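Visitor: Let me begin by handing over the structure; questions about it come next.
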Amino acid sequence: MKLDKVLKSLGLDGKALKKGDLIVRSPITGGEVARLVCDDAKGAAKKIGKAQAAFLAWRQVPAPKRGELVRLLGEELRAHKAALGELVSIEAGKITTEGLGEVQEMIDICDFAVGLSRQLYGLTIASERPGHRMAETWHPLGVVGVITAFNFPVAVWSWNTALALVAGNSVVWKPSEKTPLTALASAKIFGKAAARFAKETGTAIPDGLLEVLIGAREVGEVMVDDPRVALVSATGSTRMGREVAPRVAKRFGRSLLELGGNNAMIVCPSADLKLAERAILFSAVGTAGQRCTSLRRLIVHEEIYGKLLPRLKKLYGQVPVGNPLEGKALIGPLIDAAAFEAMQNALKQAKAEGGKVTGGERVSVAGCSGGYYVKPAIVELAKQSPVMTHETFAPILYVVKYKTLAEAIQLQNDVPQGLSSCIFTRDVREAELFTSATGSDCGIANVNIGPSGAEIGGAFGGEKETGGGRESGSDAWKAYMRRATNTINYSDQLPLAQGVKFDI
Ligand code: UN1
């Protein structure tokens, strides 16, 4: 489909999106696809003000009714899945199935949040005093600021937004300046759901329930520093998180951080190698290695190393690289020239550290001369060297050998990041040890499944420099609400806790 047609089916006028200073390029060709007008600081503050006013109204709508809006959002996403998926491909360079998968992830979280809207449970707590009852109540929090990255330009917004909305909050979204079109399209889809909600329920959606801030870092900073933004949920690099977190903390705001990963797989002697190979391929080269959950480090038992590596190299040699919207390509482009440079620098460093590099060269793709396509790289190293402790957003897989599982787990944990991890084994002891308290130190620890491609039902996030936040499923919703502890005295006495006497 042509870009203008895709935009039109998502409610956007391609011709009108040609005016501003923010140049949007498709990584597929490197060509310009739009120019957008950026918000300035004043405009951003105004939008935050609107969102604050919307929050005050929205928090009064009963949670199950708020869920109805999210249900309609899920329906609209279903109706627009093909077009939005294609726009994700155009703007972020994902292959078709992954663009569609991203929209499916949005639909899934909407379904989850609809159920959740009737399950915002608090505890009842036994009071130590007679005639007293204790409980906790979860209340809406305020304006939720959402900062998203180019690699999951819309799914991560939806994880945050679906939960924030049923929790009774409004949302201000600062998408990556590399992928603002998918954000504008998602806002349009949200607008359709909101209009249907108003029509079908007779309850108006407050203006400002979702605001989008277009622009680079400066506009995000306005949101980070604004005390009206109760929670800043930021996804991106550790470098970004290091700047955002102290600024939000300075004003005693809350932050939810989803930062860099440096994800490993341990392949044990008993592993099903066929399974492991498929998992390695998807998680290391899928999305051109540009997921925060991408596999970056492979820790292979020395007994099977000689068997696995040649098979892996063969697969790497066969995996099709090309235009993500055409043919059979499984690897699309890197997001831009800077990403290509970062990849080449990492490979240079790896060589300097004694690494044996296979692949990593730029590939030319017909009709896409401005796109940065690469052969995925395998780097064999004698030990876990400094280059392996950094996250490079590219398809580079570092491989090292291990002798004992204790050593492998130590290697897995010996990086500053702690997002995702996995082990391939048929030995229940190894699997259980890996997922135990003394095993992987990551937020995600899988068995016989790669580190990427998590379902929305689980809590998503990681430890250490990954930032500690949890989004998406399980009880991640609690981050989007405030908790009130209630002690209710229904007696005619006033006993004090801890047996304190205070009578005249
Ligand atoms: C990200 O890369 O920022 O687990 C999110 C996954 C996806 C989400 C990735 N469901 O790979």
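Residue numbering restarts at 1 for every chain of the structure tokens, chains are lettered A, B, ... in their displayed order, and ligands are numbered from 1 as they appear.
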Write out as CSV a residue-level contact list of range 112-228 of chain A versus range 316-337 of chain A with cut-off 10 Å: for each qualifying residue the closest pair of atoms and the distance in Å to one decimal, counting only C-alpha atoms, rows sorted by chain and residue number upward.
Guide:
```
residue,atom,partner,partner_atom,distance
A:Phe150,CA,A:Ile335,CA,8.1
A:Asn151,CA,A:Ile335,CA,8.3
A:Lys178,CA,A:Ile335,CA,8.4
```
Visitor: Could you write out that same residue set with C-alpha atoms as an mmCIF file, in the first residue's frame?
Guide:
```
data_model
loop_
_atom_site.group_PDB
_atom_site.id
_atom_site.type_symbol
_atom_site.label_atom_id
_atom_site.label_comp_id
_atom_site.auth_asym_id
_atom_site.auth_seq_id
_atom_site.Cartn_x
_atom_site.Cartn_y
_atom_site.Cartn_z
ATOM 1 C CA PHE A 150 11.296 3.782 18.217
ATOM 2 C CA ASN A 151 11.598 0.000 18.420
ATOM 3 C CA LYS A 178 11.908 8.798 15.009
#
```
Visitor: Please identify all protein, DNA and RNA residues within 8 Å of ligand 1, counting only C-alpha atoms and all ligand atoms, and report them as a list of chain:residue names.
Guide: A:Glu102, A:Glu105, A:Ala149, A:Asn151, A:Phe152, A:Ala155, A:Val156, A:Thr235, A:Gly236, A:Glu258, A:Gln290, A:Arg291, A:Cys292, A:Thr293, A:Ser294, A:Pro451, A:Ser452, A:Gly453, A:Ala454, A:Glu455, A:Ile456, A:Phe460
Visitor: Near Ala377 in chain A, counting only C-alpha atoms, which residues have an atom at most 10 Å away, once you skip same-chain residues fewer than 2 positions from it, shown as a PyMOL selection string?
Guide: chain A and resi 284-285+313+316-317+343+347+357-361+374-375+379-380+394-398
Visitor: Near Ala83 in chain A, counting only C-alpha atoms, which residues have an atom at most 10 Å away, once you skip same-chain residues fewer than 5 positions from it, shown as an mmCIF file with N, CA and C atoms, in the first residue's frame?
Guide:
```
data_model
loop_
_atom_site.group_PDB
_atom_site.id
_atom_site.type_symbol
_atom_site.label_atom_id
_atom_site.label_comp_id
_atom_site.auth_asym_id
_atom_site.auth_seq_id
_atom_site.Cartn_x
_atom_site.Cartn_y
_atom_site.Cartn_z
ATOM 1 N N MET A 1 0.849 -1.202 0.000
ATOM 2 C CA MET A 1 0.000 0.000 0.000
ATOM 3 C C MET A 1 0.879 1.245 0.000
ATOM 4 N N LEU A 3 2.021 5.009 1.169
ATOM 5 C CA LEU A 3 1.999 5.656 2.483
ATOM 6 C C LEU A 3 0.744 6.518 2.675
ATOM 7 N N LYS A 5 -2.107 6.293 1.400
ATOM 8 C CA LYS A 5 -3.302 5.454 1.574
ATOM 9 C C LYS A 5 -3.342 4.867 2.993
ATOM 10 N N VAL A 6 -2.177 4.419 3.448
ATOM 11 C CA VAL A 6 -2.097 3.859 4.801
ATOM 12 C C VAL A 6 -2.491 4.934 5.810
ATOM 13 N N LEU A 7 -1.914 6.127 5.632
ATOM 14 C CA LEU A 7 -2.213 7.220 6.564
ATOM 15 C C LEU A 7 -3.705 7.546 6.531
ATOM 16 N N LYS A 8 -4.249 7.584 5.320
ATOM 17 C CA LYS A 8 -5.663 7.941 5.180
ATOM 18 C C LYS A 8 -6.546 6.926 5.898
ATOM 19 N N SER A 9 -6.212 5.661 5.750
ATOM 20 C CA SER A 9 -7.072 4.660 6.405
ATOM 21 C C SER A 9 -6.926 4.723 7.929
ATOM 22 N N LEU A 10 -5.899 5.435 8.391
ATOM 23 C CA LEU A 10 -5.747 5.605 9.840
ATOM 24 C C LEU A 10 -6.237 6.984 10.292
ATOM 25 N N LEU A 77 -8.545 -1.046 17.339
ATOM 26 C CA LEU A 77 -7.220 -1.555 16.947
ATOM 27 C C LEU A 77 -7.374 -2.801 16.062
ATOM 28 N N VAL A 88 3.792 0.798 11.190
ATOM 29 C CA VAL A 88 4.905 0.428 12.077
ATOM 30 C C VAL A 88 6.087 -0.044 11.215
ATOM 31 N N SER A 89 5.781 -0.843 10.193
ATOM 32 C CA SER A 89 6.853 -1.312 9.302
ATOM 33 C C SER A 89 7.512 -0.140 8.584
ATOM 34 N N GLY A 99 5.314 -6.201 12.516
ATOM 35 C CA GLY A 99 4.479 -4.991 12.595
ATOM 36 C C GLY A 99 3.078 -5.359 13.060
ATOM 37 N N LEU A 100 2.552 -6.432 12.480
ATOM 38 C CA LEU A 100 1.216 -6.899 12.877
ATOM 39 C C LEU A 100 1.238 -7.419 14.314
ATOM 40 N N VAL A 103 0.826 -4.706 16.795
ATOM 41 C CA VAL A 103 -0.561 -4.257 16.988
ATOM 42 C C VAL A 103 -1.334 -5.304 17.789
ATOM 43 N N ALA A 185 -1.209 8.229 14.546
ATOM 44 C CA ALA A 185 -2.224 7.269 14.089
ATOM 45 C C ALA A 185 -2.903 6.600 15.288
#
```
Visitor: Please run DSSP on the backbone and report, as a ChimeraX atom specification, all residues within range 42-220 of chain A that come out as strand (DSSP E or B).
Guide: /A:124-125,132-140,143-147,170-174,210-212
Visitor: Considering only C-alpha atoms, return as a PyMOL selection string whatever protein or nucleic-acid residues lie within 7 Å of Lys383 in chain A, sequence-local ones (same chain, fewer than 2 positions apart) excluded.
Guide: chain A and resi 381+385+400
Visitor: Env of range 429-445 of chain A: 12 Å cut, atoms = only C-alpha atoms, seq-sep filter 5 positions within chain, self excluded. Answer as a ChimeraX atom specification.
Guide: /A:258-271,292-293,404-424,450-455,458-471
Visitor: With only C-alpha atoms as the counted atoms, please give the residues lying no more than 10 Å from range 51-62 of chain A, apart from itself and same-chain residues fewer than 5 positions off, as a PyMOL selection string.
Guide: chain A and resi 45-46+67+117-118+139-145+165-172+203-211+228-230
Visitor: Distance CA of Glu68 in chain A-CA of Glu86 in chain A, one decimal place?
Guide: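 Computing it gives 26.9 Å between the two atoms.
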Visitor: To one decimal place, how far is CA of Asp108 in chain A from CA of Trp138 in chain A in Å?
Guide: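 It comes out at 23.6 Å.
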Visitor: In Å, rounded to a single decimal, give me how far CA of Pro27 in chain A is from CA of Glu98 in chain A.
Guide: 15.2 Å
Visitor: Please identify the helix (DSSP H, G or I) residues within range 301-476 of chain A (assignment by DSSP from backbone atoms) and present them as a ChimeraX atom specification.
Guide: /A:302-318,337-352,386-389,405-413,428-435,476
